[in-house]
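Asker: So here's query_34.pdb, just PDB, C-alpha atoms:
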```pdb
ATOM      1  CA  MET A  14     -43.359  25.018  15.895
ATOM      2  CA  LYS A  15     -41.376  28.259  16.035
ATOM      3  CA  ASN A  16     -42.050  30.259  12.893
ATOM      4  CA  MET A  17     -41.219  33.755  11.630
ATOM      5  CA  LEU A  18     -42.899  35.577   8.752
ATOM      6  CA  VAL A  19     -40.983  38.326   6.943
ATOM      7  CA  HIS A  20     -43.143  40.463   4.639
ATOM      8  CA  ASP A  21     -41.520  43.094   2.444
ATOM      9  CA  LEU A  22     -44.185  45.785   2.162
ATOM     10  CA  GLN A  23     -43.420  46.363  -1.513
ATOM     11  CA  LEU A  24     -45.632  43.287  -1.870
ATOM     12  CA  LYS A  25     -49.098  44.784  -1.487
ATOM     13  CA  GLY A  26     -51.545  43.395   1.033
ATOM     14  CA  ARG A  27     -51.730  42.814   4.773
ATOM     15  CA  SER A  28     -49.537  40.185   6.406
ATOM     16  CA  PRO A  29     -51.493  36.980   7.106
ATOM     17  CA  SER A  30     -51.946  36.033  10.743
ATOM     18  CA  GLY A  31     -51.646  32.531  12.115
ATOM     19  CA  MET A  32     -48.579  31.551  10.076
ATOM     20  CA  ALA A  33     -45.989  32.601  12.627
ATOM     21  CA  GLN A  34     -45.499  33.779  16.175
ATOM     22  CA  ASN A  35     -43.482  36.750  14.897
ATOM     23  CA  THR A  36     -44.196  38.896  11.829
ATOM     24  CA  PHE A  37     -41.523  41.299  10.603
ATOM     25  CA  GLU A  38     -42.874  43.872   8.140
ATOM     26  CA  VAL A  39     -40.066  45.380   6.078
ATOM     27  CA  PRO A  40     -40.442  48.941   4.732
ATOM     28  CA  GLY A  41     -38.874  49.440   1.323
ATOM     29  CA  ALA A  42     -36.231  51.852   2.621
ATOM     30  CA  MET A  43     -34.841  49.395   5.201
ATOM     31  CA  THR A  44     -31.474  47.989   4.189
ATOM     32  CA  THR A  45     -31.249  44.331   3.264
ATOM     33  CA  ALA A  46     -28.298  43.949   5.636
ATOM     34  CA  HIS A  47     -30.459  45.157   8.532
ATOM     35  CA  VAL A  48     -33.297  42.808   7.557
ATOM     36  CA  LEU A  49     -30.993  39.785   7.392
ATOM     37  CA  GLY A  50     -29.286  40.708  10.658
ATOM     38  CA  TRP A  51     -32.585  41.116  12.492
ATOM     39  CA  ILE A  52     -33.840  37.747  11.253
ATOM     40  CA  GLY A  53     -30.656  36.171  12.627
ATOM     41  CA  THR A  54     -31.020  37.964  15.967
ATOM     42  CA  TYR A  55     -34.639  36.877  16.389
ATOM     43  CA  ALA A  56     -33.919  33.289  15.363
ATOM     44  CA  GLN A  57     -31.097  33.080  17.867
ATOM     45  CA  SER A  58     -33.288  34.552  20.619
ATOM     46  CA  GLN A  59     -35.755  31.697  20.047
ATOM     47  CA  ASN A  60     -33.029  29.054  20.130
ATOM     48  CA  GLY A  61     -33.763  28.463  16.461
ATOM     49  CA  LEU A  62     -36.764  28.581  14.140
ATOM     50  CA  ASN A  63     -38.516  25.674  12.462
ATOM     51  CA  ASN A  64     -39.704  27.848   9.576
ATOM     52  CA  LEU A  65     -38.810  31.204   8.091
ATOM     53  CA  PHE A  66     -41.468  32.393   5.621
ATOM     54  CA  ILE A  67     -40.453  35.227   3.286
ATOM     55  CA  MET A  68     -43.074  37.095   1.248
ATOM     56  CA  CYS A  69     -41.719  39.524  -1.333
ATOM     57  CA  HIS A  70     -41.375  40.150  -5.051
ATOM     58  CA  GLY A  71     -38.838  38.217  -7.081
ATOM     59  CA  TYR A  72     -36.447  40.260  -9.206
ATOM     60  CA  GLU A  73     -36.613  39.976 -12.976
ATOM     61  CA  GLN A  74     -34.463  41.488 -15.687
ATOM     62  CA  GLY A  75     -34.906  42.313 -19.331
ATOM     63  CA  ILE A  76     -32.953  39.979 -21.590
ATOM     64  CA  GLU A  77     -31.999  40.008 -25.247
ATOM     65  CA  ASP A  78     -33.927  37.514 -27.328
ATOM     66  CA  PRO A  79     -33.753  38.068 -31.091
ATOM     67  CA  ASN A  80     -36.620  35.615 -31.598
ATOM     68  CA  ALA A  81     -39.014  37.470 -29.307
ATOM     69  CA  LEU A  82     -41.612  39.780 -30.838
ATOM     70  CA  VAL A  83     -42.040  41.677 -27.577
ATOM     71  CA  SER A  84     -39.751  42.605 -24.693
ATOM     72  CA  THR A  85     -38.598  39.529 -22.794
ATOM     73  CA  TYR A  86     -38.067  39.367 -19.055
ATOM     74  CA  ALA A  87     -36.608  36.578 -16.970
ATOM     75  CA  LEU A  88     -36.961  35.816 -13.275
ATOM     76  CA  GLY A  89     -34.252  34.347 -11.064
ATOM     77  CA  TYR A  90     -32.294  37.489 -10.186
ATOM     78  CA  GLY A  91     -32.918  37.433  -6.442
ATOM     79  CA  LEU A  92     -35.470  38.780  -3.992
ATOM     80  CA  ALA A  93     -36.836  42.289  -3.408
ATOM     81  CA  LEU A  94     -36.192  42.035   0.323
ATOM     82  CA  GLY A  95     -35.241  45.449   1.671
ATOM     83  CA  THR A  96     -32.794  47.707  -0.188
ATOM     84  CA  PRO A  97     -31.035  46.790  -2.464
ATOM     85  CA  GLY A  98     -32.533  43.269  -2.178
ATOM     86  CA  LEU A  99     -31.118  39.787  -1.629
ATOM     87  CA  THR A 100     -28.921  38.690  -4.544
ATOM     88  CA  PHE A 101     -25.649  36.912  -5.219
ATOM     89  CA  ASP A 102     -23.890  40.108  -4.085
ATOM     90  CA  ASN A 103     -24.992  39.779  -0.455
ATOM     91  CA  VAL A 104     -26.399  36.256   0.027
ATOM     92  CA  ARG A 105     -23.312  35.532   2.171
ATOM     93  CA  LEU A 106     -24.923  37.674   4.910
ATOM     94  CA  THR A 107     -27.447  34.902   5.544
ATOM     95  CA  SER A 108     -24.638  33.035   7.285
ATOM     96  CA  ALA A 109     -25.986  34.848  10.363
ATOM     97  CA  TRP A 110     -28.895  32.376  10.268
ATOM     98  CA  ASN A 111     -26.749  29.247  10.109
ATOM     99  CA  GLY A 112     -27.784  26.703  12.714
ATOM    100  CA  ASN A 113     -30.859  28.708  13.692
ATOM    101  CA  VAL A 114     -33.328  28.151  10.834
ATOM    102  CA  GLY A 115     -34.712  24.807   9.660
ATOM    103  CA  ILE A 116     -36.622  25.628   6.463
ATOM    104  CA  ILE A 117     -36.918  28.839   4.437
ATOM    105  CA  THR A 118     -39.985  29.132   2.194
ATOM    106  CA  LEU A 119     -39.821  31.848  -0.465
ATOM    107  CA  PHE A 120     -43.283  33.125  -1.356
ATOM    108  CA  ALA A 121     -42.034  35.066  -4.366
ATOM    109  CA  CYS A 122     -42.033  35.010  -8.146
ATOM    110  CA  GLY A 123     -39.518  32.620  -9.670
ATOM    111  CA  PRO A 124     -36.481  32.835  -7.361
ATOM    112  CA  ALA A 125     -35.476  29.358  -8.617
ATOM    113  CA  ASN A 126     -35.844  30.270 -12.294
ATOM    114  CA  THR A 127     -32.865  29.687 -14.589
ATOM    115  CA  ARG A 128     -33.411  30.493 -18.250
ATOM    116  CA  PRO A 129     -31.581  28.131 -20.646
ATOM    117  CA  GLY A 130     -28.059  29.403 -21.244
ATOM    118  CA  TYR A 131     -28.039  31.516 -18.060
ATOM    119  CA  GLN A 132     -26.395  28.952 -15.770
ATOM    120  CA  ASN A 133     -23.610  30.473 -13.641
ATOM    121  CA  THR A 134     -24.755  34.029 -14.351
ATOM    122  CA  TYR A 135     -26.591  36.560 -12.188
ATOM    123  CA  GLY A 136     -29.782  35.088 -13.638
ATOM    124  CA  ASP A 137     -29.120  31.565 -12.347
ATOM    125  CA  GLY A 138     -31.940  31.269  -9.841
ATOM    126  CA  MET A 139     -31.318  27.573  -9.201
ATOM    127  CA  ARG A 140     -27.782  28.350  -8.146
ATOM    128  CA  PHE A 141     -28.949  31.327  -6.068
ATOM    129  CA  CYS A 142     -31.378  29.149  -4.096
ATOM    130  CA  GLY A 143     -28.751  26.440  -3.696
ATOM    131  CA  GLU A 144     -26.231  28.936  -2.343
ATOM    132  CA  LEU A 145     -28.862  30.413  -0.024
ATOM    133  CA  ALA A 146     -29.458  26.929   1.390
ATOM    134  CA  LEU A 147     -25.752  26.210   1.847
ATOM    135  CA  ILE A 148     -24.871  29.569   3.395
ATOM    136  CA  SER A 149     -27.932  29.905   5.649
ATOM    137  CA  GLY A 150     -27.786  26.277   6.756
ATOM    138  CA  ALA A 151     -31.519  25.894   6.023
ATOM    139  CA  ASP A 152     -33.401  23.957   3.352
ATOM    140  CA  VAL A 153     -34.964  26.384   0.869
ATOM    141  CA  ILE A 154     -38.344  25.921  -0.828
ATOM    142  CA  ALA A 155     -38.776  28.028  -3.953
ATOM    143  CA  ALA A 156     -40.740  28.141  -7.199
ATOM    144  CA  VAL A 157     -39.516  28.431 -10.768
ATOM    145  CA  GLU A 158     -42.458  30.321 -12.236
ATOM    146  CA  SER A 159     -44.326  33.528 -11.510
ATOM    147  CA  GLN A 160     -46.862  33.308  -8.695
ATOM    148  CA  ILE A 161     -50.360  34.743  -8.454
ATOM    149  CA  TYR A 162     -51.574  35.808  -5.052
ATOM    150  CA  TYR A 163     -54.925  36.971  -3.785
ATOM    151  CA  ILE A 164     -55.984  39.714  -1.420
ATOM    152  CA  ASN A 165     -58.895  38.653   0.760
ATOM    153  CA  GLN A 166     -60.719  41.814   1.770
ATOM    154  CA  SER A 167     -63.538  41.475   4.279
ATOM    155  CA  TRP A 168     -66.557  43.744   4.280
ATOM    156  CA  TRP A 169     -65.053  45.523   7.277
ATOM    157  CA  ASP A 170     -61.772  46.086   5.438
ATOM    158  CA  SER A 171     -63.728  47.587   2.554
ATOM    159  CA  LEU A 172     -65.743  49.756   4.921
ATOM    160  CA  VAL A 173     -62.754  51.247   6.760
ATOM    161  CA  GLY A 174     -60.340  51.266   3.812
ATOM    162  CA  ASN A 175     -57.967  48.545   5.039
ATOM    163  CA  GLU A 176     -55.884  46.431   2.689
ATOM    164  CA  GLY A 177     -56.989  42.833   2.441
ATOM    165  CA  VAL A 178     -54.956  39.897   3.716
ATOM    166  CA  ILE A 179     -52.433  38.160   1.452
ATOM    167  CA  ASP A 180     -53.295  34.624   0.377
ATOM    168  CA  PHE A 181     -50.768  32.926  -1.918
ATOM    169  CA  GLY A 182     -53.041  29.949  -2.536
ATOM    170  CA  ASP A 183     -51.571  27.049  -4.486
ATOM    171  CA  TRP A 184     -48.133  27.141  -6.074
ATOM    172  CA  GLU A 185     -47.885  27.905  -9.789
ATOM    173  CA  GLY A 186     -45.432  25.750 -11.689
ATOM    174  CA  THR A 187     -42.628  23.580 -10.379
ATOM    175  CA  VAL A 188     -41.368  23.927  -6.800
ATOM    176  CA  TYR A 189     -38.002  22.702  -5.530
ATOM    177  CA  ARG A 190     -36.504  22.013  -2.125
ATOM    178  CA  PHE A 191     -32.808  22.919  -1.972
ATOM    179  CA  SER A 192     -30.676  20.979   0.489
ATOM    180  CA  SER A 193     -28.742  22.786   3.200
ATOM    181  CA  VAL A 194     -26.186  19.953   3.056
ATOM    182  CA  ASP A 195     -25.080  20.184  -0.569
ATOM    183  CA  GLY A 196     -27.367  22.744  -2.265
ATOM    184  CA  THR A 197     -28.941  20.193  -4.596
ATOM    185  CA  ALA A 198     -32.541  20.606  -5.731
ATOM    186  CA  GLU A 199     -35.323  18.073  -5.319
ATOM    187  CA  LYS A 200     -38.626  18.615  -7.122
ATOM    188  CA  ILE A 201     -41.381  18.534  -4.504
ATOM    189  CA  ALA A 202     -44.445  19.928  -6.283
ATOM    190  CA  LYS A 203     -45.828  20.915  -9.631
ATOM    191  CA  GLY A 204     -48.803  23.230  -9.606
ATOM    192  CA  PRO A 205     -50.811  24.673 -12.514
ATOM    193  CA  SER A 206     -48.724  26.734 -14.920
ATOM    194  CA  SER A 207     -50.245  30.202 -15.012
ATOM    195  CA  GLY A 208     -47.708  32.022 -17.144
ATOM    196  CA  ALA A 209     -48.833  35.170 -15.334
ATOM    197  CA  SER A 210     -46.671  37.874 -13.863
ATOM    198  CA  CYS A 211     -46.380  38.401 -10.121
ATOM    199  CA  LYS A 212     -49.510  40.422  -9.540
ATOM    200  CA  ILE A 213     -52.445  40.732  -7.218
ATOM    201  CA  LYS A 214     -55.537  38.826  -8.272
ATOM    202  CA  ILE A 215     -58.603  40.078  -6.434
TER
END
```
When written as structure tokens, how does the structure in this file appear?

Answerer:
Amino acid sequence: MKNMLVHDLQLKGRSPSGMAQNTFEVPGAMTTAHVLGWIGTYAQSQNGLNNLFIMCHGYEQGIEDPNALVSTYALGYGLALGTPGLTFDNVRLTSAWNGNVGIITLFACGPANTRPGYQNTYGDGMRFCGELALISGADVIAAVESQIYYINQSWWDSLVGNEGVIDFGDWEGTVYRFSSVDGTAEKIAKGPSSGASCKIKI
């Protein structure tokens, strides 16, 4: 299996080893266009990848809800992958991966989230993931809900002041696989519903 892990360093924790032969750690100031281009270059150099794993935060946005007693936020606005992030505005750039990536797994909060009434808007995460699959030519695996991840810090990490290693554990909520052929979504898993925000749980 030829795998690549892309870890946007805005997501705290050390990149896990053993998932991929190549790990690309993305500093926050790096442009999204550069990140996407480099993924395409590496994938092509390997004559294609079986898996592309992306670890980053999912974008959320405040929304108006007259029935809410507190501020309401919704996921599904793209991925915090480089600057300015991967959204509807630049998802077309993933065409550089077409034919060179088999499956993309998004370890992020709610990229496939679509709040009722937000279909065909910038907050339509289901459509975003479907378009990502169609344009990149890869099936996309993504969750609807927020995800909790853990940081496993060994005694040595604690001693020398290193960050612990990221462990996403089980999925929270419903997970879909989006087809690279027609962008349709198939439910593949339903984990426990945490209702928690994307945060480190130590």

Asker: Set the distance at 10 Å and use only C-alpha atoms: which residues neighbour Gly115 of chain A once local chain neighbours fewer than 2 positions away are removed? I'd like the list as a ChimeraX atom specification.

Answerer: /A:15-16,61-65,110-113,117,149-153,193

Asker: Could you tell me, as a PyMOL selection string, exactly which residues end up selected when the PyMOL selection byres ((chain A and resi 50-58) around 8) is applied to this structure?

Answerer: chain A and resi 46-49+59-62+106-107+109-110+113-114

Asker: Within 9 Å of Ile201 of chain A, counting all atoms listed in the file, which residues qualify if same-chain residues fewer than 5 places away don't, as a list of chain:residue names?

Answerer: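 My list of contacting residues is A:Ile154, A:Thr187, A:Val188, A:Tyr189, A:Arg190.
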
Asker: Can you pull out every residue within 9 Å of Leu88 of chain A, counting all atoms listed in the file, but drop anything in the same chain fewer than 3 positions away, and send it as a list in words?

Answerer: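 Those residues are Gly71, Tyr72, Glu73, Gln74, Gly91, Cys122, Gly123, Pro124, Ala125, Asn126, Thr127, Arg128, Gly136, Asp137, Gly138, Val157, Glu158 and Ser159 of chain A.
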
Asker: Need to verify the contact set: segment 31-41 of chain A, 6 Å, all atoms listed in the file, exclusion of same-chain residues closer than 4 positions in sequence. Can you return it as a list in words?

Answerer: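 Non-adjacent residues within range: Asn16, Met17, Leu18, Val19, His20, Asp21, Leu22 and Gly95 of chain A.
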
Asker: Which of these residues is nearest to Asp170 of chain A, using only C-alpha atoms: A:Gly143, A:Gly186, A:Gly26, A:Gly130?

Answerer: A:Gly26

Asker: Quick check, in Å to one decimal: how far apart do atom CA of Val194 of chain A and atom CA of Phe66 of chain A lie?

Answerer: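 The value is 19.9 Å.
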
Asker: Atom CA of Phe141 of chain A and atom CA of Pro29 of chain A are how many Å apart?

Answerer: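 Atom-to-atom, atom CA of Phe141 of chain A to atom CA of Pro29 of chain A, that is 26.7 Å.
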
Asker: Please, what distance in Å, to one decimal, runs between atom CA of Ile116 of chain A and atom CA of Arg140 of chain A?

Answerer: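 So the two atoms, atom CA of Ile116 of chain A and atom CA of Arg140 of chain A, lie 17.3 Å apart.
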
Asker: Need the shell around Thr44 of chain A: protein/DNA/RNA residues with any atom at most 9 Å away, counting all atoms listed in the file. Skip same-chain ones fewer than 6 positions apart. Format as a PDB file with C-alpha atoms, in the coordinates of the input?

Answerer:
```
ATOM      1  CA  LEU A  94     -36.192  42.035   0.323  1.00  0.00           C
ATOM      2  CA  GLY A  95     -35.241  45.449   1.671  1.00  0.00           C
ATOM      3  CA  THR A  96     -32.794  47.707  -0.188  1.00  0.00           C
ATOM      4  CA  PRO A  97     -31.035  46.790  -2.464  1.00  0.00           C
ATOM      5  CA  GLY A  98     -32.533  43.269  -2.178  1.00  0.00           C
TER       6      GLY A  98
END
```

Asker: Any chance you could build segment 126-161 of chain A out to N, CA and C atoms and write it as a PDB file, keeping the file's coordinate frame?

Answerer:
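For reference, rebuild_12.pdb as written:
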```
ATOM      1  N   ASN A 126     -35.793  30.314 -10.835  1.00  0.00           N
ATOM      2  CA  ASN A 126     -35.844  30.270 -12.294  1.00  0.00           C
ATOM      3  C   ASN A 126     -34.447  30.429 -12.894  1.00  0.00           C
ATOM      4  N   THR A 127     -34.096  29.539 -13.807  1.00  0.00           N
ATOM      5  CA  THR A 127     -32.865  29.687 -14.589  1.00  0.00           C
ATOM      6  C   THR A 127     -33.211  29.496 -16.056  1.00  0.00           C
ATOM      7  N   ARG A 128     -33.137  30.556 -16.810  1.00  0.00           N
ATOM      8  CA  ARG A 128     -33.411  30.493 -18.250  1.00  0.00           C
ATOM      9  C   ARG A 128     -32.288  29.697 -18.927  1.00  0.00           C
ATOM     10  N   PRO A 129     -32.622  28.883 -19.943  1.00  0.00           N
ATOM     11  CA  PRO A 129     -31.581  28.131 -20.646  1.00  0.00           C
ATOM     12  C   PRO A 129     -30.448  29.039 -21.132  1.00  0.00           C
ATOM     13  N   GLY A 130     -29.226  28.626 -20.853  1.00  0.00           N
ATOM     14  CA  GLY A 130     -28.059  29.403 -21.244  1.00  0.00           C
ATOM     15  C   GLY A 130     -27.617  30.410 -20.196  1.00  0.00           C
ATOM     16  N   TYR A 131     -28.378  30.536 -19.091  1.00  0.00           N
ATOM     17  CA  TYR A 131     -28.039  31.516 -18.060  1.00  0.00           C
ATOM     18  C   TYR A 131     -27.461  30.869 -16.798  1.00  0.00           C
ATOM     19  N   GLN A 132     -27.050  29.604 -16.900  1.00  0.00           N
ATOM     20  CA  GLN A 132     -26.395  28.952 -15.770  1.00  0.00           C
ATOM     21  C   GLN A 132     -25.097  29.700 -15.440  1.00  0.00           C
ATOM     22  N   ASN A 133     -24.822  29.813 -14.131  1.00  0.00           N
ATOM     23  CA  ASN A 133     -23.610  30.473 -13.641  1.00  0.00           C
ATOM     24  C   ASN A 133     -23.527  31.946 -14.037  1.00  0.00           C
ATOM     25  N   THR A 134     -24.694  32.582 -14.160  1.00  0.00           N
ATOM     26  CA  THR A 134     -24.755  34.029 -14.351  1.00  0.00           C
ATOM     27  C   THR A 134     -25.584  34.609 -13.205  1.00  0.00           C
ATOM     28  N   TYR A 135     -25.761  35.930 -13.215  1.00  0.00           N
ATOM     29  CA  TYR A 135     -26.591  36.560 -12.188  1.00  0.00           C
ATOM     30  C   TYR A 135     -28.052  36.153 -12.312  1.00  0.00           C
ATOM     31  N   GLY A 136     -28.411  35.552 -13.448  1.00  0.00           N
ATOM     32  CA  GLY A 136     -29.782  35.088 -13.638  1.00  0.00           C
ATOM     33  C   GLY A 136     -29.971  33.608 -13.378  1.00  0.00           C
ATOM     34  N   ASP A 137     -29.028  32.991 -12.662  1.00  0.00           N
ATOM     35  CA  ASP A 137     -29.120  31.565 -12.347  1.00  0.00           C
ATOM     36  C   ASP A 137     -29.823  31.394 -11.007  1.00  0.00           C
ATOM     37  N   GLY A 138     -31.161  31.358 -11.074  1.00  0.00           N
ATOM     38  CA  GLY A 138     -31.940  31.269  -9.841  1.00  0.00           C
ATOM     39  C   GLY A 138     -31.766  29.952  -9.113  1.00  0.00           C
ATOM     40  N   MET A 139     -31.553  28.865  -9.852  1.00  0.00           N
ATOM     41  CA  MET A 139     -31.318  27.573  -9.201  1.00  0.00           C
ATOM     42  C   MET A 139     -30.056  27.632  -8.348  1.00  0.00           C
ATOM     43  N   ARG A 140     -29.025  28.230  -8.909  1.00  0.00           N
ATOM     44  CA  ARG A 140     -27.782  28.350  -8.146  1.00  0.00           C
ATOM     45  C   ARG A 140     -27.964  29.289  -6.957  1.00  0.00           C
ATOM     46  N   PHE A 141     -28.697  30.384  -7.160  1.00  0.00           N
ATOM     47  CA  PHE A 141     -28.949  31.327  -6.068  1.00  0.00           C
ATOM     48  C   PHE A 141     -29.628  30.632  -4.894  1.00  0.00           C
ATOM     49  N   CYS A 142     -30.665  29.841  -5.172  1.00  0.00           N
ATOM     50  CA  CYS A 142     -31.378  29.149  -4.096  1.00  0.00           C
ATOM     51  C   CYS A 142     -30.492  28.090  -3.446  1.00  0.00           C
ATOM     52  N   GLY A 143     -29.678  27.414  -4.252  1.00  0.00           N
ATOM     53  CA  GLY A 143     -28.751  26.440  -3.696  1.00  0.00           C
ATOM     54  C   GLY A 143     -27.728  27.081  -2.779  1.00  0.00           C
ATOM     55  N   GLU A 144     -27.197  28.230  -3.188  1.00  0.00           N
ATOM     56  CA  GLU A 144     -26.231  28.936  -2.343  1.00  0.00           C
ATOM     57  C   GLU A 144     -26.890  29.467  -1.075  1.00  0.00           C
ATOM     58  N   LEU A 145     -28.127  29.956  -1.206  1.00  0.00           N
ATOM     59  CA  LEU A 145     -28.862  30.413  -0.024  1.00  0.00           C
ATOM     60  C   LEU A 145     -29.008  29.280   0.983  1.00  0.00           C
ATOM     61  N   ALA A 146     -29.319  28.087   0.496  1.00  0.00           N
ATOM     62  CA  ALA A 146     -29.458  26.929   1.390  1.00  0.00           C
ATOM     63  C   ALA A 146     -28.133  26.588   2.062  1.00  0.00           C
ATOM     64  N   LEU A 147     -27.062  26.559   1.295  1.00  0.00           N
ATOM     65  CA  LEU A 147     -25.752  26.210   1.847  1.00  0.00           C
ATOM     66  C   LEU A 147     -25.274  27.233   2.873  1.00  0.00           C
ATOM     67  N   ILE A 148     -25.412  28.513   2.535  1.00  0.00           N
ATOM     68  CA  ILE A 148     -24.871  29.569   3.395  1.00  0.00           C
ATOM     69  C   ILE A 148     -25.711  29.758   4.653  1.00  0.00           C
ATOM     70  N   SER A 149     -27.043  29.690   4.496  1.00  0.00           N
ATOM     71  CA  SER A 149     -27.932  29.905   5.649  1.00  0.00           C
ATOM     72  C   SER A 149     -28.016  28.670   6.539  1.00  0.00           C
ATOM     73  N   GLY A 150     -27.656  27.515   5.992  1.00  0.00           N
ATOM     74  CA  GLY A 150     -27.786  26.277   6.756  1.00  0.00           C
ATOM     75  C   GLY A 150     -29.215  25.798   6.879  1.00  0.00           C
ATOM     76  N   ALA A 151     -30.101  26.275   5.993  1.00  0.00           N
ATOM     77  CA  ALA A 151     -31.519  25.894   6.023  1.00  0.00           C
ATOM     78  C   ALA A 151     -31.931  25.371   4.660  1.00  0.00           C
ATOM     79  N   ASP A 152     -32.808  24.365   4.620  1.00  0.00           N
ATOM     80  CA  ASP A 152     -33.401  23.957   3.352  1.00  0.00           C
ATOM     81  C   ASP A 152     -34.241  25.114   2.822  1.00  0.00           C
ATOM     82  N   VAL A 153     -34.243  25.274   1.501  1.00  0.00           N
ATOM     83  CA  VAL A 153     -34.964  26.384   0.869  1.00  0.00           C
ATOM     84  C   VAL A 153     -36.019  25.825  -0.076  1.00  0.00           C
ATOM     85  N   ILE A 154     -37.247  26.299   0.061  1.00  0.00           N
ATOM     86  CA  ILE A 154     -38.344  25.921  -0.828  1.00  0.00           C
ATOM     87  C   ILE A 154     -38.665  27.121  -1.710  1.00  0.00           C
ATOM     88  N   ALA A 155     -38.611  26.907  -3.034  1.00  0.00           N
ATOM     89  CA  ALA A 155     -38.776  28.028  -3.953  1.00  0.00           C
ATOM     90  C   ALA A 155     -39.367  27.545  -5.271  1.00  0.00           C
ATOM     91  N   ALA A 156     -40.080  28.442  -5.932  1.00  0.00           N
ATOM     92  CA  ALA A 156     -40.740  28.141  -7.199  1.00  0.00           C
ATOM     93  C   ALA A 156     -39.918  28.649  -8.374  1.00  0.00           C
ATOM     94  N   VAL A 157     -40.177  28.046  -9.524  1.00  0.00           N
ATOM     95  CA  VAL A 157     -39.516  28.431 -10.768  1.00  0.00           C
ATOM     96  C   VAL A 157     -40.306  29.519 -11.498  1.00  0.00           C
ATOM     97  N   GLU A 158     -41.612  29.435 -11.441  1.00  0.00           N
ATOM     98  CA  GLU A 158     -42.458  30.321 -12.236  1.00  0.00           C
ATOM     99  C   GLU A 158     -43.008  31.487 -11.425  1.00  0.00           C
ATOM    100  N   SER A 159     -43.622  32.423 -12.150  1.00  0.00           N
ATOM    101  CA  SER A 159     -44.326  33.528 -11.510  1.00  0.00           C
ATOM    102  C   SER A 159     -45.463  32.986 -10.656  1.00  0.00           C
ATOM    103  N   GLN A 160     -45.801  33.717  -9.615  1.00  0.00           N
ATOM    104  CA  GLN A 160     -46.862  33.308  -8.695  1.00  0.00           C
ATOM    105  C   GLN A 160     -47.977  34.348  -8.700  1.00  0.00           C
ATOM    106  N   ILE A 161     -49.208  33.858  -8.616  1.00  0.00           N
ATOM    107  CA  ILE A 161     -50.360  34.743  -8.454  1.00  0.00           C
ATOM    108  C   ILE A 161     -50.783  34.688  -6.996  1.00  0.00           C
TER     109      ILE A 161
END
```
